[in-house]
2 protein chains.
Amino acid sequence: MTDPAPITYRDAGVNIDAQDQALASAKASVRATFTPGVLSDMGLFGGLFDLAKVGSEGHILVASADGVGTKLEVAKRAGIHDTVGRDLVQHCINDILVQGARPLFFMDYVGTGRLEPDVVSALVRGCADACRDNGLALLGGETAEMPGLYGEGDFDLVGFIVGSVARDKVLDGSRVRPGQTLIGLRSSGLHTNGYSLARKVIFERLGLGIDDRPEALGGQTVAEALLAPHRSYLELCWPMLEKNQLAALAHITGGGLLDNVPRVLGAHDAIIDRSTWETPALFQMIVDAAGIAGTDEAYQALNMGIGMVLFVADEHLEAVEAHLRDAGEDAVRIGHTVAASGDEGEVRWA
Amino acid sequence: MTDPAPITYRDAGVNIDAQDQALASAKASVRATFTPGVLSDMGLFGGLFDLAKVGSEGHILVASADGVGTKLEVAKRAGIHDTVGRDLVQHCINDILVQGARPLFFMDYVGTGRLEPDVVSALVRGCADACRDNGLALLGGETAEMPGLYGEGDFDLVGFIVGSVARDKVLDGSRVRPGQTLIGLRSSGLHTNGYSLARKVIFERLGLGIDDRPEALGGQTVAEALLAPHRSYLELCWPMLEKNQLAALAHITGGGLLDNVPRVLGAHDAIIDRSTWETPALFQMIVDAAGIAGTDEAYQALNMGIGMVLFVADEHLEAVEAHLRDAGEDAVRIGHTVAASGDEGEVRWA
């Protein structure tokens, strides 16, 4: 009787060499993100960060976790893997920016069925490049190969961000008052929300392919339109936050204007006039085909062209609008705040 | 011609109500983790944490991200979903403990194909209960329903931890010297590593079922043995860290003793005598059936019974062993350090 063949870790589907190869090729991009706060190099388990070296000592920490959602499916379909890394980082940045925080560091997680070094490397490089561009460190991360849990070419991408805010600059909605102006900043596309709906409509109902150029998109391919990276509003908004010119910020993600604006409303309603900005072509195409044009459903599933909402008191309005104009931002007054009509603040259409 | 039926977010596979339901039922557990450092309640995007309120002002931050790996597959097969949350938290705690850090807060991410409120609630509760038991806050998290990306009953669970360590107490291997004693702390089982190998061996080669009670496991079911939660070494090790009695720590995770001990060795080798502890029955069953008993492969794929290694200088040995004894810990001297024989420190078997 012969012994059965030994089962090694690699036989069981885990390829540690491919993992090393993927990480090595992303290493230079990661190193380029290291701010003076980073104390540890790659290789140790935990990343060390010194708040004192970036002027954040005594600040409050603000942390958030998120994924990219099914925008990943579009990236896979298009074979483009670096933009979703940027999406993830910039989504996370905006999520803590609305509390007044500047990002300090980011960590990524890639879960996959079979580790394709090129794909993982592109995902991590996308995160790293966005971190560098926004001045935060990619402090660490984890790549997990899990045959069986994920399909062969499938993967998920998750991000964690930590930022800091001075004690007296935390934004939590408590500075919202009636009569403040709501300024909408344009989104660059769907950002990272509504992709389950968008894919169903575009690929199934409209029967479009990833490389098609539907007339409604004016020359863009479906891939280009759907993979436009989530905007970071950090550099645009930071000077106004430093000068205490913003009473609140709302990042328009899952749940749209209808669910995200109320997070900071407290005992106020927001009156928003949807005629103040034009629905971008991609959104119009999706809501028309879905048969939900003009409905609340549309403004809950998608950002409909507005990625961030600024709450501005009258005394700062001129300065804020001058700053946005100087930055070349095509911002629009979309509404204002009033005392709440019910128990909880909500968005009402003008 | 009639209009096609409208496609809503729910039609596209995303069920926001189920999500709310899942989170509501885990809320009480999450609240129970809130330490004095937590400034924000659930609902806002980012979690706020005040270092000053937990005595961590001026400390270095230590952060880490990780998943549970294919232990999730075992949890799914067994229909037990709360233990993997504890696995994740306690794995992350140990990962930063080896740098001398005490955990401050944790964030979780659950990605899933179809949101089953009971499963998500159990996963989050598992994380929350482990956070509470270890004195850190579950500061936030994200649950993503991604039909298409994950199979119907599939999910991934990812964690992110932030801790802090006083500047003069950071452990990074620089205090390792020749002649230090290596003390091994027992693992409770596979912890969170080697499950791809273990599953292949146990379910395929040995043909065992999740509820089988193989003789080798002395009455335990396969599920019980494989799902034993990853031990947290925090409370056991903290008093020794506070007294500067430990020169280094190595958390034995993926890569086993052979890959994890060298992370802190610097220009030293570790001489480890494998006869100093008995291989636990579960490990023996796996390596025997895999045909890798006694090989380096075994000590790389699995922790083989040792979950944490303490590096102790002679002057602290008595106090450390007294502390471990008083805590009822069945610790064992597994080896010692010597000057490195090559360029890089490595583990050599005695």
# chains A, B, ... in the order shown; residues from 1 in each chain; ligands from 1
$ residues_around --residues "segment 295-298 of chain A" --least-positions-apart "2" --cutoff "10 Å" --atoms "only C-alpha atoms" --output "PyMOL selection string"
(chain A and resi 194+255-258+283-284+286-288+290-293+300-304+349) or (chain B and resi 7-9)
$ residues_around --residues "segment 235-249 of chain A" --least-positions-apart "3" --cutoff "6 Å" --atoms "only C-alpha atoms" --output "PyMOL selection string"
chain A and resi 98+171+173+175-176+309-312+316
$ residues_around --residues "segment 59-63 of chain B" --least-positions-apart "4" --cutoff "7 Å" --atoms "only C-alpha atoms" --output "count of residues only"
15
$ residues_around --residues "Cys131 of chain B" --least-positions-apart "6" --cutoff "10 Å" --atoms "only C-alpha atoms" --output "CSV table (one decimal) with C-alpha atoms, in the first residue's frame"
chain,number,residue,atom,x,y,z
B,29,SER,CA,-24.4,44.5,21.4
B,30,VAL,CA,-22.5,47.2,19.6
B,32,ALA,CA,-22.2,47.6,24.9
B,33,THR,CA,-18.7,48.0,23.4
B,34,PHE,CA,-18.7,51.8,23.7
B,85,GLY,CA,-16.7,37.5,14.4
B,86,ARG,CA,-14.8,36.7,17.6
B,89,VAL,CA,-11.5,40.6,16.4
B,90,GLN,CA,-9.2,38.5,18.5
B,93,ILE,CA,-6.0,42.3,18.6
B,103,PRO,CA,-6.6,48.0,21.0
B,104,LEU,CA,-8.8,51.1,21.0
B,105,PHE,CA,-11.4,50.4,18.3
B,106,PHE,CA,-12.5,48.1,15.6
B,125,ARG,CA,-22.8,40.4,17.4
B,137,ALA,CA,-15.1,49.8,20.9
B,138,LEU,CA,-16.8,48.5,17.8
B,139,LEU,CA,-16.8,52.0,16.3
$ select_by_dssp --residues "segment 62-113 of chain A" --states "strand (DSSP E or B)" --output "MDAnalysis selection string"
chainID A and resid 62:67 102:112
$ residues_around --residues "Ile306 of chain A" --least-positions-apart "2" --cutoff "6 Å" --atoms "only C-alpha atoms" --output "PyMOL selection string"
chain A and resi 184-187+303-304+308
$ write_last_selection --atoms "C-alpha atoms" --output "short mmCIF file (atom, residue, chain, number, x, y, z; two decimals), in the first residue's frame"
data_model
loop_
_atom_site.label_atom_id
_atom_site.label_comp_id
_atom_site.auth_asym_id
_atom_site.auth_seq_id
_atom_site.Cartn_x
_atom_site.Cartn_y
_atom_site.Cartn_z
CA GLY A 184 -24.41 71.22 -4.49
CA LEU A 185 -21.04 70.07 -5.82
CA ARG A 186 -21.16 68.02 -9.01
CA SER A 187 -20.49 64.30 -8.97
CA ASN A 303 -26.75 60.79 -6.60
CA MET A 304 -28.40 62.30 -9.73
CA MET A 308 -21.58 66.65 -1.97
#
$ closest_residue --among "B:Ala281, B:Leu206, B:Leu123, B:Ala267" --to "Gly218 of chain B" --atoms "only C-alpha atoms"
B:Ala281
$ residues_around --residues "Asp82 of chain A" --least-positions-apart "5" --cutoff "10 Å" --atoms "only C-alpha atoms" --output "count of residues only"
15
